[in-house]
Every structure is written in C-alpha cells, then in structure tokens.
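Data file: coords-v6.pdb. Format and content: PDB, C-alpha atoms, pLDDT in the B column.
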MODEL        1
ATOM      1  CA  MET T 249    -113.730 -89.708 -22.741  1.00 33.00           C
ATOM      2  CA  ALA T 250    -115.318 -86.325 -22.078  1.00 35.00           C
ATOM      3  CA  VAL T 251    -112.928 -83.699 -20.761  1.00 35.00           C
ATOM      4  CA  ARG T 252    -114.072 -82.380 -17.383  1.00 36.00           C
ATOM      5  CA  ASP T 253    -114.218 -78.627 -16.991  1.00 38.00           C
ATOM      6  CA  PRO T 254    -112.217 -78.046 -13.778  1.00 37.00           C
ATOM      7  CA  LEU T 255    -114.167 -74.888 -12.899  1.00 37.00           C
ATOM      8  CA  ARG T 256    -117.651 -76.391 -13.006  1.00 37.00           C
ATOM      9  CA  PRO T 257    -120.204 -76.194 -11.506  1.00 35.00           C
ATOM     10  CA  LEU T 258    -120.798 -72.672 -12.801  1.00 37.00           C
ATOM     11  CA  LEU T 259    -119.796 -70.066 -10.272  1.00 41.00           C
ATOM     12  CA  GLN T 260    -121.901 -67.215  -8.987  1.00 46.00           C
ATOM     13  CA  PRO T 261    -120.526 -63.693  -9.515  1.00 44.00           C
ATOM     14  CA  GLY T 262    -117.760 -62.995  -7.019  1.00 47.00           C
ATOM     15  CA  GLN T 263    -116.989 -66.679  -6.454  1.00 51.00           C
ATOM     16  CA  VAL T 264    -114.068 -68.761  -7.641  1.00 51.00           C
ATOM     17  CA  SER T 265    -113.529 -72.521  -7.549  1.00 55.00           C
ATOM     18  CA  ALA T 266    -110.846 -74.406  -5.665  1.00 58.00           C
ATOM     19  CA  ALA T 267    -108.962 -74.794  -8.948  1.00 58.00           C
ATOM     20  CA  GLY T 268    -109.187 -71.066  -9.501  1.00 58.00           C
ATOM     21  CA  LYS T 269    -107.827 -70.427  -6.008  1.00 65.00           C
ATOM     22  CA  ALA T 270    -104.874 -72.703  -6.706  1.00 68.00           C
ATOM     23  CA  LEU T 271    -104.113 -70.760  -9.862  1.00 78.00           C
ATOM     24  CA  ALA T 272    -104.403 -67.471  -7.983  1.00 72.00           C
ATOM     25  CA  GLU T 273    -101.733 -68.755  -5.602  1.00 75.00           C
ATOM     26  CA  ALA T 274     -99.508 -69.654  -8.545  1.00 79.00           C
ATOM     27  CA  LEU T 275    -100.000 -66.126  -9.884  1.00 91.00           C
ATOM     28  CA  GLY T 276     -98.838 -64.697  -6.583  1.00 91.00           C
ATOM     29  CA  HIS T 277    -101.953 -62.597  -6.100  1.00 92.00           C
ATOM     30  CA  ASP T 278    -105.019 -62.843  -3.863  1.00 88.00           C
ATOM     31  CA  PHE T 279    -107.888 -61.568  -5.986  1.00 88.00           C
ATOM     32  CA  ALA T 280    -110.216 -59.065  -4.337  1.00 91.00           C
ATOM     33  CA  GLN T 281    -112.491 -59.562  -7.361  1.00 91.00           C
ATOM     34  CA  PRO T 282    -112.198 -63.309  -8.045  1.00 87.00           C
ATOM     35  CA  ALA T 283    -114.748 -63.060 -10.851  1.00 89.00           C
ATOM     36  CA  LEU T 284    -112.025 -61.324 -12.887  1.00 91.00           C
ATOM     37  CA  LEU T 285    -109.897 -64.459 -12.796  1.00 90.00           C
ATOM     38  CA  ASP T 286    -112.952 -66.528 -13.664  1.00 87.00           C
ATOM     39  CA  GLN T 287    -113.539 -64.302 -16.708  1.00 91.00           C
ATOM     40  CA  ALA T 288    -109.889 -64.517 -17.755  1.00 92.00           C
ATOM     41  CA  LEU T 289    -110.171 -68.302 -17.860  1.00 90.00           C
ATOM     42  CA  THR T 290    -113.356 -68.429 -19.952  1.00 90.00           C
ATOM     43  CA  HIS T 291    -112.960 -69.105 -23.677  1.00 86.00           C
ATOM     44  CA  PRO T 292    -115.530 -67.717 -26.149  1.00 84.00           C
ATOM     45  CA  SER T 293    -116.749 -71.262 -26.829  1.00 84.00           C
ATOM     46  CA  ALA T 294    -118.333 -71.140 -23.349  1.00 82.00           C
ATOM     47  CA  ALA T 295    -120.783 -68.626 -24.812  1.00 66.00           C
ATOM     48  CA  ALA T 296    -123.161 -68.465 -21.867  1.00 62.00           C
ATOM     49  CA  ARG T 297    -120.581 -66.583 -19.795  1.00 68.00           C
ATOM     50  CA  THR T 298    -118.476 -63.440 -20.049  1.00 81.00           C
ATOM     51  CA  THR T 299    -115.324 -64.425 -21.935  1.00 88.00           C
ATOM     52  CA  TYR T 300    -111.696 -63.397 -21.821  1.00 91.00           C
ATOM     53  CA  GLU T 301    -111.664 -61.395 -25.059  1.00 91.00           C
ATOM     54  CA  ARG T 302    -111.899 -57.918 -23.506  1.00 94.00           C
ATOM     55  CA  LEU T 303    -109.280 -58.795 -20.904  1.00 96.00           C
ATOM     56  CA  GLU T 304    -107.049 -60.237 -23.622  1.00 96.00           C
ATOM     57  CA  PHE T 305    -107.142 -56.850 -25.387  1.00 96.00           C
ATOM     58  CA  LEU T 306    -106.006 -55.058 -22.239  1.00 97.00           C
ATOM     59  CA  GLY T 307    -103.471 -57.698 -21.232  1.00 97.00           C
ATOM     60  CA  ASP T 308    -101.659 -57.382 -24.540  1.00 97.00           C
ATOM     61  CA  ARG T 309    -101.023 -53.678 -23.830  1.00 97.00           C
ATOM     62  CA  VAL T 310    -100.068 -54.201 -20.180  1.00 98.00           C
ATOM     63  CA  LEU T 311     -97.604 -56.946 -21.108  1.00 98.00           C
ATOM     64  CA  GLY T 312     -96.119 -54.768 -23.826  1.00 97.00           C
ATOM     65  CA  LEU T 313     -95.431 -51.903 -21.432  1.00 98.00           C
ATOM     66  CA  ILE T 314     -93.862 -54.156 -18.799  1.00 98.00           C
ATOM     67  CA  ILE T 315     -91.644 -55.977 -21.300  1.00 97.00           C
ATOM     68  CA  ALA T 316     -90.599 -52.705 -22.955  1.00 97.00           C
ATOM     69  CA  ASP T 317     -89.596 -51.364 -19.542  1.00 97.00           C
ATOM     70  CA  MET T 318     -87.716 -54.575 -18.721  1.00 97.00           C
ATOM     71  CA  VAL T 319     -85.593 -54.588 -21.865  1.00 96.00           C
ATOM     72  CA  PHE T 320     -85.043 -50.802 -21.668  1.00 97.00           C
ATOM     73  CA  ARG T 321     -83.687 -51.053 -18.112  1.00 96.00           C
ATOM     74  CA  THR T 322     -81.786 -54.317 -18.605  1.00 95.00           C
ATOM     75  CA  TYR T 323     -79.880 -53.154 -21.703  1.00 95.00           C
ATOM     76  CA  PRO T 324     -79.216 -49.415 -21.208  1.00 95.00           C
ATOM     77  CA  ASP T 325     -76.583 -49.250 -23.962  1.00 94.00           C
ATOM     78  CA  GLU T 326     -78.425 -51.060 -26.758  1.00 93.00           C
ATOM     79  CA  PRO T 327     -79.923 -49.144 -29.690  1.00 92.00           C
ATOM     80  CA  GLU T 328     -83.628 -49.109 -30.466  1.00 91.00           C
ATOM     81  CA  GLY T 329     -83.403 -51.826 -33.116  1.00 84.00           C
ATOM     82  CA  ALA T 330     -81.822 -54.337 -30.739  1.00 88.00           C
ATOM     83  CA  LEU T 331     -84.360 -53.546 -28.018  1.00 91.00           C
ATOM     84  CA  ALA T 332     -87.183 -53.981 -30.530  1.00 88.00           C
ATOM     85  CA  ARG T 333     -85.951 -57.468 -31.473  1.00 85.00           C
ATOM     86  CA  ARG T 334     -85.731 -58.499 -27.824  1.00 91.00           C
ATOM     87  CA  PHE T 335     -89.213 -57.088 -27.202  1.00 92.00           C
ATOM     88  CA  ALA T 336     -90.759 -58.873 -30.185  1.00 88.00           C
ATOM     89  CA  ALA T 337     -89.366 -62.243 -29.079  1.00 88.00           C
ATOM     90  CA  LEU T 338     -90.798 -61.840 -25.574  1.00 94.00           C
ATOM     91  CA  VAL T 339     -94.350 -60.761 -26.463  1.00 94.00           C
ATOM     92  CA  ARG T 340     -94.997 -63.167 -29.337  1.00 89.00           C
ATOM     93  CA  LYS T 341     -97.534 -65.958 -29.057  1.00 88.00           C
ATOM     94  CA  GLU T 342     -94.933 -68.658 -28.514  1.00 88.00           C
ATOM     95  CA  ALA T 343     -93.510 -66.871 -25.468  1.00 93.00           C
ATOM     96  CA  LEU T 344     -96.956 -66.391 -23.928  1.00 95.00           C
ATOM     97  CA  ALA T 345     -97.859 -70.028 -24.533  1.00 93.00           C
ATOM     98  CA  ARG T 346     -94.589 -71.102 -22.904  1.00 94.00           C
ATOM     99  CA  ILE T 347     -95.476 -69.183 -19.735  1.00 95.00           C
ATOM    100  CA  ALA T 348     -99.036 -70.516 -19.806  1.00 95.00           C
ATOM    101  CA  GLU T 349     -97.694 -74.063 -19.954  1.00 93.00           C
ATOM    102  CA  ALA T 350     -95.297 -73.361 -17.080  1.00 91.00           C
ATOM    103  CA  ILE T 351     -98.166 -72.318 -14.805  1.00 92.00           C
ATOM    104  CA  ASP T 352    -100.452 -75.089 -16.111  1.00 89.00           C
ATOM    105  CA  LEU T 353    -102.990 -72.563 -17.341  1.00 92.00           C
ATOM    106  CA  GLY T 354    -104.611 -74.992 -19.780  1.00 88.00           C
ATOM    107  CA  THR T 355    -105.906 -77.120 -16.925  1.00 88.00           C
ATOM    108  CA  HIS T 356    -107.922 -74.178 -15.633  1.00 89.00           C
ATOM    109  CA  LEU T 357    -109.473 -72.954 -18.890  1.00 89.00           C
ATOM    110  CA  ARG T 358    -113.238 -73.089 -19.231  1.00 86.00           C
ATOM    111  CA  LEU T 359    -113.968 -74.399 -22.724  1.00 83.00           C
ATOM    112  CA  SER T 360    -116.956 -75.924 -24.450  1.00 79.00           C
ATOM    113  CA  ARG T 361    -116.913 -79.705 -24.504  1.00 80.00           C
ATOM    114  CA  GLY T 362    -116.215 -79.646 -28.245  1.00 77.00           C
ATOM    115  CA  GLU T 363    -113.314 -77.211 -27.908  1.00 73.00           C
ATOM    116  CA  ALA T 364    -111.784 -79.217 -25.077  1.00 77.00           C
ATOM    117  CA  GLY T 365    -112.245 -82.461 -26.999  1.00 74.00           C
ATOM    118  CA  GLN T 366    -110.324 -81.011 -29.955  1.00 75.00           C
ATOM    119  CA  GLY T 367    -107.287 -80.315 -27.787  1.00 75.00           C
ATOM    120  CA  GLY T 368    -108.034 -76.698 -26.951  1.00 73.00           C
ATOM    121  CA  ARG T 369    -106.263 -76.887 -23.608  1.00 83.00           C
ATOM    122  CA  GLY T 370    -102.981 -77.479 -25.419  1.00 83.00           C
ATOM    123  CA  SER T 371    -103.497 -74.936 -28.189  1.00 86.00           C
ATOM    124  CA  GLN T 372    -100.731 -72.316 -28.284  1.00 86.00           C
ATOM    125  CA  THR T 373    -103.207 -69.724 -29.523  1.00 87.00           C
ATOM    126  CA  LEU T 374    -105.710 -70.332 -26.715  1.00 89.00           C
ATOM    127  CA  LEU T 375    -102.987 -70.481 -24.079  1.00 92.00           C
ATOM    128  CA  ALA T 376    -101.428 -67.232 -25.290  1.00 93.00           C
ATOM    129  CA  ASP T 377    -104.784 -65.447 -25.385  1.00 93.00           C
ATOM    130  CA  ALA T 378    -105.712 -66.640 -21.895  1.00 94.00           C
ATOM    131  CA  CYS T 379    -102.301 -65.672 -20.532  1.00 96.00           C
ATOM    132  CA  GLU T 380    -102.822 -62.116 -21.771  1.00 97.00           C
ATOM    133  CA  ALA T 381    -106.265 -62.119 -20.165  1.00 96.00           C
ATOM    134  CA  VAL T 382    -104.801 -63.262 -16.849  1.00 96.00           C
ATOM    135  CA  ILE T 383    -102.263 -60.418 -16.966  1.00 97.00           C
ATOM    136  CA  ALA T 384    -105.129 -57.988 -17.488  1.00 97.00           C
ATOM    137  CA  ALA T 385    -107.057 -59.521 -14.587  1.00 95.00           C
ATOM    138  CA  LEU T 386    -104.027 -59.001 -12.363  1.00 96.00           C
ATOM    139  CA  PHE T 387    -103.762 -55.404 -13.561  1.00 97.00           C
ATOM    140  CA  VAL T 388    -107.439 -54.570 -13.023  1.00 97.00           C
ATOM    141  CA  ASP T 389    -107.624 -56.261  -9.624  1.00 96.00           C
ATOM    142  CA  GLY T 390    -104.246 -55.402  -8.138  1.00 95.00           C
ATOM    143  CA  GLY T 391    -102.934 -52.525 -10.214  1.00 97.00           C
ATOM    144  CA  PHE T 392     -99.805 -52.268 -12.299  1.00 97.00           C
ATOM    145  CA  GLU T 393     -97.546 -53.738  -9.608  1.00 96.00           C
ATOM    146  CA  ALA T 394     -99.539 -56.983  -9.421  1.00 96.00           C
ATOM    147  CA  ALA T 395     -99.189 -57.458 -13.159  1.00 97.00           C
ATOM    148  CA  ARG T 396     -95.546 -56.405 -13.140  1.00 97.00           C
ATOM    149  CA  ARG T 397     -94.619 -58.891 -10.394  1.00 96.00           C
ATOM    150  CA  PHE T 398     -96.097 -61.760 -12.376  1.00 96.00           C
ATOM    151  CA  VAL T 399     -94.469 -60.750 -15.670  1.00 97.00           C
ATOM    152  CA  GLU T 400     -91.083 -60.034 -14.088  1.00 96.00           C
ATOM    153  CA  ARG T 401     -91.109 -63.415 -12.342  1.00 94.00           C
ATOM    154  CA  TRP T 402     -91.912 -65.510 -15.401  1.00 95.00           C
ATOM    155  CA  TRP T 403     -90.407 -63.501 -18.272  1.00 96.00           C
ATOM    156  CA  ARG T 404     -87.089 -62.590 -16.625  1.00 95.00           C
ATOM    157  CA  PRO T 405     -85.592 -66.083 -17.238  1.00 93.00           C
ATOM    158  CA  MET T 406     -86.524 -65.859 -20.938  1.00 92.00           C
ATOM    159  CA  LEU T 407     -84.878 -62.460 -21.164  1.00 92.00           C
ATOM    160  CA  ALA T 408     -81.752 -63.897 -19.528  1.00 91.00           C
ATOM    161  CA  GLU T 409     -81.625 -66.631 -22.185  1.00 89.00           C
ATOM    162  CA  GLN T 410     -80.999 -64.011 -24.873  1.00 84.00           C
ATOM    163  CA  ALA T 411     -77.227 -63.873 -25.238  1.00 77.00           C
ATOM    164  CA  GLY T 412     -77.759 -61.146 -27.806  1.00 80.00           C
ATOM    165  CA  PRO T 413     -80.703 -59.506 -29.557  1.00 80.00           C
ATOM    166  CA  PRO T 414     -82.617 -62.304 -31.307  1.00 76.00           C
ATOM    167  CA  GLN T 415     -81.916 -62.540 -35.019  1.00 71.00           C
ATOM    168  CA  ASP T 416     -85.059 -62.145 -37.079  1.00 77.00           C
ATOM    169  CA  ASP T 417     -84.679 -64.424 -40.105  1.00 86.00           C
ATOM    170  CA  LYS T 418     -87.199 -62.400 -42.112  1.00 87.00           C
ATOM    171  CA  THR T 419     -85.201 -59.232 -41.539  1.00 84.00           C
ATOM    172  CA  ALA T 420     -81.932 -61.010 -42.296  1.00 85.00           C
ATOM    173  CA  LEU T 421     -83.301 -62.329 -45.598  1.00 90.00           C
ATOM    174  CA  GLN T 422     -84.662 -58.905 -46.513  1.00 88.00           C
ATOM    175  CA  GLU T 423     -81.296 -57.271 -45.789  1.00 85.00           C
ATOM    176  CA  TRP T 424     -79.492 -59.962 -47.801  1.00 89.00           C
ATOM    177  CA  ALA T 425     -81.756 -59.323 -50.791  1.00 89.00           C
ATOM    178  CA  GLN T 426     -81.452 -55.546 -50.558  1.00 88.00           C
ATOM    179  CA  GLY T 427     -77.670 -55.802 -50.302  1.00 88.00           C
ATOM    180  CA  ARG T 428     -77.649 -57.535 -53.689  1.00 90.00           C
ATOM    181  CA  GLY T 429     -80.096 -55.203 -55.385  1.00 91.00           C
ATOM    182  CA  LEU T 430     -82.924 -57.765 -55.355  1.00 91.00           C
ATOM    183  CA  PRO T 431     -86.574 -56.984 -54.654  1.00 92.00           C
ATOM    184  CA  LEU T 432     -88.043 -57.840 -51.278  1.00 92.00           C
ATOM    185  CA  PRO T 433     -88.804 -61.520 -50.607  1.00 93.00           C
ATOM    186  CA  VAL T 434     -92.343 -62.561 -51.521  1.00 95.00           C
ATOM    187  CA  TYR T 435     -94.286 -64.757 -49.082  1.00 96.00           C
ATOM    188  CA  ARG T 436     -97.197 -66.886 -50.292  1.00 95.00           C
ATOM    189  CA  LEU T 437     -99.627 -68.958 -48.255  1.00 96.00           C
ATOM    190  CA  ARG T 438     -99.623 -72.505 -49.632  1.00 94.00           C
ATOM    191  CA  SER T 439    -102.127 -74.071 -47.266  1.00 94.00           C
ATOM    192  CA  THR T 440    -103.671 -74.021 -43.806  1.00 93.00           C
ATOM    193  CA  GLU T 441    -104.237 -77.224 -41.856  1.00 90.00           C
ATOM    194  CA  GLY T 442    -105.719 -78.185 -38.506  1.00 82.00           C
ATOM    195  CA  PRO T 443    -108.684 -76.918 -36.458  1.00 78.00           C
ATOM    196  CA  PRO T 444    -109.534 -73.193 -36.381  1.00 76.00           C
ATOM    197  CA  HIS T 445    -108.269 -72.781 -32.813  1.00 71.00           C
ATOM    198  CA  ASP T 446    -104.849 -74.266 -33.594  1.00 76.00           C
ATOM    199  CA  PRO T 447    -104.036 -73.917 -37.315  1.00 86.00           C
ATOM    200  CA  ILE T 448    -100.783 -74.802 -39.036  1.00 90.00           C
ATOM    201  CA  PHE T 449     -99.737 -72.446 -41.834  1.00 94.00           C
ATOM    202  CA  ASP T 450     -97.586 -73.519 -44.781  1.00 95.00           C
ATOM    203  CA  ILE T 451     -95.754 -70.557 -46.330  1.00 96.00           C
ATOM    204  CA  GLU T 452     -93.467 -70.289 -49.351  1.00 96.00           C
ATOM    205  CA  VAL T 453     -90.891 -67.513 -49.771  1.00 96.00           C
ATOM    206  CA  SER T 454     -89.295 -66.675 -53.106  1.00 94.00           C
ATOM    207  CA  LEU T 455     -86.580 -64.432 -54.549  1.00 94.00           C
ATOM    208  CA  PRO T 456     -85.628 -63.916 -58.201  1.00 92.00           C
ATOM    209  CA  ASP T 457     -83.115 -66.461 -59.535  1.00 89.00           C
ATOM    210  CA  HIS T 458     -83.440 -68.644 -56.414  1.00 91.00           C
ATOM    211  CA  ALA T 459     -85.605 -71.680 -55.795  1.00 92.00           C
ATOM    212  CA  PRO T 460     -88.380 -70.968 -53.250  1.00 94.00           C
ATOM    213  CA  ALA T 461     -88.288 -72.358 -49.722  1.00 95.00           C
ATOM    214  CA  GLN T 462     -91.119 -73.456 -47.449  1.00 95.00           C
ATOM    215  CA  GLY T 463     -91.834 -73.112 -43.750  1.00 94.00           C
ATOM    216  CA  ARG T 464     -94.594 -74.181 -41.382  1.00 93.00           C
ATOM    217  CA  GLY T 465     -95.802 -72.651 -38.129  1.00 88.00           C
ATOM    218  CA  SER T 466     -98.729 -72.063 -35.809  1.00 84.00           C
ATOM    219  CA  SER T 467     -99.075 -68.482 -37.080  1.00 86.00           C
ATOM    220  CA  ARG T 468     -98.412 -66.808 -40.412  1.00 89.00           C
ATOM    221  CA  ARG T 469     -95.491 -64.933 -38.922  1.00 87.00           C
ATOM    222  CA  ALA T 470     -93.961 -68.109 -37.497  1.00 87.00           C
ATOM    223  CA  ALA T 471     -94.377 -69.891 -40.840  1.00 92.00           C
ATOM    224  CA  GLU T 472     -92.878 -66.952 -42.741  1.00 92.00           C
ATOM    225  CA  THR T 473     -89.940 -66.879 -40.325  1.00 90.00           C
ATOM    226  CA  ALA T 474     -89.407 -70.616 -40.796  1.00 91.00           C
ATOM    227  CA  ALA T 475     -89.502 -70.205 -44.577  1.00 94.00           C
ATOM    228  CA  ALA T 476     -86.994 -67.332 -44.415  1.00 93.00           C
ATOM    229  CA  ALA T 477     -84.722 -69.434 -42.200  1.00 91.00           C
ATOM    230  CA  ALA T 478     -84.904 -72.317 -44.671  1.00 93.00           C
ATOM    231  CA  LEU T 479     -83.966 -70.077 -47.594  1.00 93.00           C
ATOM    232  CA  LEU T 480     -81.126 -68.462 -45.639  1.00 91.00           C
ATOM    233  CA  ALA T 481     -79.789 -71.892 -44.702  1.00 91.00           C
ATOM    234  CA  ARG T 482     -79.794 -72.918 -48.360  1.00 90.00           C
ATOM    235  CA  LEU T 483     -78.081 -69.702 -49.434  1.00 88.00           C
ATOM    236  CA  LYS T 484     -75.467 -70.232 -46.747  1.00 83.00           C
ATOM    237  CA  GLY T 485     -74.888 -73.782 -47.986  1.00 77.00           C
ATOM    238  CA  GLU T 486     -74.401 -72.386 -51.486  1.00 75.00           C
ATOM    239  CA  GLY T 487     -71.868 -69.890 -50.163  1.00 67.00           C
ATOM    240  CA  ASP T 488     -74.056 -66.843 -50.844  1.00 65.00           C
ATOM    241  CA  VAL T 489     -74.431 -65.748 -47.189  1.00 58.00           C
TER     242      VAL T 489
ENDMDL
END

Let me see the file written as structure tokens.
Amino acid sequence: MAVRDPLRPLLQPGQVSAAGKALAEALGHDFAQPALLDQALTHPSAAARTTYERLEFLGDRVLGLIIADMVFRTYPDEPEGALARRFAALVRKEALARIAEAIDLGTHLRLSRGEAGQGGRGSQTLLADACEAVIAALFVDGGFEAARRFVERWWRPMLAEQAGPPQDDKTALQEWAQGRGLPLPVYRLRSTEGPPHDPIFDIEVSLPDHAPAQGRGSSRRAAETAAAAALLARLKGEGDV
C-alpha cells in the first residue's frame, strides 16, 4: 500500500496543512512563518521543495547550546569531563530520535514515495535530522526562547534519568588498556547492512592478547560503543576489570 504524505497537497509559501498545525501545537509554538515548519519537515528525497538540511545544520548548534546550558546549571559542582559525558548522551542521534518519536514527528515528514515505502518515517537518522531542523525552525521563527522552551520540556526528563554522568564504554575500555600499558583499542568496520537512510554498522574492536569483540548499531559510534561494551563485559567475566 502506498504511504500517504500527510502534508499533501503541496502548500503555497506561507501556508501549512492541518497536520502541520497540529504539530505546531505539540511544539508549543504558533509559527508566524509557517513555511519554516514546512521546510523542517521536508526530506531531501522530496527534491522539488526546499529541504530541511540547512535548518538541520542550525538546529544542531542551537540544541548544543541549550543542552550545554542545562547541564551546566543543573550540575554546578561537576567537573568538565562529567558535564561533557552528560552533554554527549543528550545530543546524540538516539536521544533526538527518541524525542521525535514522542512527538510523532515521523507522521508529519514529507518524503518521496520510495523513501516512505522503505520505512523512512521510522528511521532514527531521519527522525534525528528532522528534529534538529524543527528546533532550528523554532529558533528562527520565535527566537532562542521558543527553541529553549521546546528543548527544556522534552529533554529535561532524559536529563533527570541520569543518576550519574553516563559511562562511555569506549572511554572505559581505552582507560583500561592504558592502565595496563596496552595500545589504544582498534576498531574495524566489518560490514554495513540495510538501506542508506537507516544503515546498521557491524564493528569489531581488538586489543593485543585478547580475542576481538563485535558490536552493531545504527551509527558507527553506536556500533563501536556496543563493541567496547561487549569486550569490557568479557574482560569483567574473566576477572580483568
């Protein structure tokens, strides 16, 4: 069955569909320039229209500033390293996709029929990119406070979930190796599976005198982290951690 684009028919500049209005309400902002929201929802596969790529670029920076401010104010006594780990966990693709799913952003994306038919509306990569674009649209249309209100509302619960600074398994494995005089872990891409918009990476990590471990993820970083976690778990089972 063909997937219906919820924002068609194509809108004239300055217009937004009923679906777009519903999303604007979920974002907590009444757009003075509704075409900005329309652009933020348009994937590059819909090539006849202005896409979200420029907004995605801006949204990444706006989100970073807001999250940095949040963790800085929330944890006034933590050192830079701990704040950096909290920050990284909150701006990564998985966190953005989680928020996009919570606000049902995939339903509103404008994709080509082929992209939609391949499951693009559920792709973590597409959802994360569009979420950044939406943040930028809020920033351009309503200023910093409009973007901040949205990010504070949806990211604050994730920040509260962090009992302590998230442990980065790649960093932990690197520190374990350095503490024993070993070279840094080596990560190797074994394979990539799935469609271009939603790939799955298979990564292997190795250390001298230890069998390699594998990990899979929707990004190279996620796969490397999974591989590092697998090797750490094995080392712990062997009594080396």

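Residues selected in this file by the PyMOL selection byres ((chain T and resi 394) around 10) comprise Leu275, Gly276, His277, Asp278, Ile383, Ala384, Ala385, Leu386, Phe387, Val388, Asp389, Gly390, Gly391, Phe392, Glu393, Ala395, Arg396, Arg397, Phe398 and Val399 of chain T.
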
Using C-alpha atoms, can you write the selected residues to a file as a PDB file, keeping the file's coordinate frame?
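Everything below was put into part13.pdb:
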ATOM      1  CA  LEU T 275    -100.000 -66.126  -9.884  1.00 91.00           C
ATOM      2  CA  GLY T 276     -98.838 -64.697  -6.583  1.00 91.00           C
ATOM      3  CA  HIS T 277    -101.953 -62.597  -6.100  1.00 92.00           C
ATOM      4  CA  ASP T 278    -105.019 -62.843  -3.863  1.00 88.00           C
ATOM      5  CA  ILE T 383    -102.263 -60.418 -16.966  1.00 97.00           C
ATOM      6  CA  ALA T 384    -105.129 -57.988 -17.488  1.00 97.00           C
ATOM      7  CA  ALA T 385    -107.057 -59.521 -14.587  1.00 95.00           C
ATOM      8  CA  LEU T 386    -104.027 -59.001 -12.363  1.00 96.00           C
ATOM      9  CA  PHE T 387    -103.762 -55.404 -13.561  1.00 97.00           C
ATOM     10  CA  VAL T 388    -107.439 -54.570 -13.023  1.00 97.00           C
ATOM     11  CA  ASP T 389    -107.624 -56.261  -9.624  1.00 96.00           C
ATOM     12  CA  GLY T 390    -104.246 -55.402  -8.138  1.00 95.00           C
ATOM     13  CA  GLY T 391    -102.934 -52.525 -10.214  1.00 97.00           C
ATOM     14  CA  PHE T 392     -99.805 -52.268 -12.299  1.00 97.00           C
ATOM     15  CA  GLU T 393     -97.546 -53.738  -9.608  1.00 96.00           C
ATOM     16  CA  ALA T 395     -99.189 -57.458 -13.159  1.00 97.00           C
ATOM     17  CA  ARG T 396     -95.546 -56.405 -13.140  1.00 97.00           C
ATOM     18  CA  ARG T 397     -94.619 -58.891 -10.394  1.00 96.00           C
ATOM     19  CA  PHE T 398     -96.097 -61.760 -12.376  1.00 96.00           C
ATOM     20  CA  VAL T 399     -94.469 -60.750 -15.670  1.00 97.00           C
TER      21      VAL T 399
END

**Fill in**
atom CA of Leu359 of chain T to atom CA of Trp402 of chain T measures 24.9 Å

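Against the coordinates shown, the PyMOL selection byres ((chain T and resi 426-438) around 8) returns Leu421, Gln422, Glu423, Trp424, Ala425, Ser439, Thr440, Phe449, Asp450, Ile451, Glu452, Val453, Ser454, Leu455, Pro456 and Glu472 of chain T.
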
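With atom CA of Thr299 of chain T on one side and atom CA of Asp317 of chain T on the other, the separation reads 29.0 Å.
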
**Request:** Work out how far apart atom CA of Phe279 of chain T and atom CA of Leu306 of chain T are and give it in Å to one decimal.
**Result:**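 Computing the Euclidean distance for atom CA of Phe279 of chain T and atom CA of Leu306 of chain T yields 17.6 Å.
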
**Request:** Using all atoms listed in the file, collect all residues at a distance of at most 10 Å from (-113.2, -64.3, -18.1) as written in the file, then present them as a list in words.
**Result:**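 The residues that fall inside the cut-off are Ala283, Leu284, Leu285, Asp286, Gln287, Ala288, Leu289, Thr290, His291, Pro292, Arg297, Thr298, Thr299, Tyr300, Glu301, Arg302, Leu303, Glu304, Leu357, Arg358, Ala378, Ala381, Val382 and Ala385 of chain T.
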
**T:Pro443, T:Pro405, T:Gly307, T:Gly485 ranked by distance to Cys379 of chain T, top pick (using all atoms listed in the file)** = T:Gly307

**Asked** Which one is closest to Trp403 of chain T: T:Gly312, T:Gly354, T:Gly465, T:Gly367? Count all atoms listed in the file.
**Response**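 Comparing T:Gly312, T:Gly354, T:Gly465, T:Gly367 against Trp403 of chain T, the winner is T:Gly312.
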
**Asked** Got a sec: who's within 10 Å of Gln415 of chain T, counting only C-alpha atoms, leaving out chain neighbours fewer than 3 positions off, as an NGL selection string?
**Response** :T and (330 or 333-334 or 337 or 412 or 418-420)

**Complete:** Judged by only C-alpha atoms, the minimum distance to Ala459 of chain T among T:Arg482, T:Arg361, T:Ala477, T:Ala471 is found for T:Arg482

**Request:** Could you state which residues are captured by the PyMOL selection byres ((chain T and resi 478-480) around 8) in this file, as a PyMOL selection string?
**Result:** chain T and resi 417+421+453+460-463+474-477+481-484+489

**Item:** Shortest interatomic distance to Asp352 of chain T - which of T:Ala294, T:Ala274, T:Pro413, T:Arg468, counting all atoms listed in the file
**Value:**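 Among the listed residues, the smallest separation from Asp352 of chain T belongs to T:Ala274.
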
**Message:** So that I can check the surroundings of segment 370-374 of chain T, please list as a list in words every protein, DNA and RNA residue that reaches within 8 Å of it, counting only C-alpha atoms and ignoring chain neighbours fewer than 6 positions away.
**Reply:**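 Skipping anything fewer than 6 positions along the chain leaves His291, Lys341, Glu342, Ala345, Gly354, His445, Asp446 and Ser466 of chain T.
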
Give me the box for segment 441-459 of chain T as AutoDock Vina command-line options, namely the centre and edge lengths in Å to one decimal of a box along x, y and z that holds every listed atom plus 5 Å on each side.
--center_x -96.3 --center_y -71.1 --center_z -46.2 --size_x 36.4 --size_y 24.3 --size_z 36.7

**Request:** For the point (-81.6, -55.5, -23.5) in the file's frame, write as number ranges by chain all residues with an atom no more than 12 Å away, counting all atoms listed in the file.
**Result:** T: 315-338, 404, 406-414
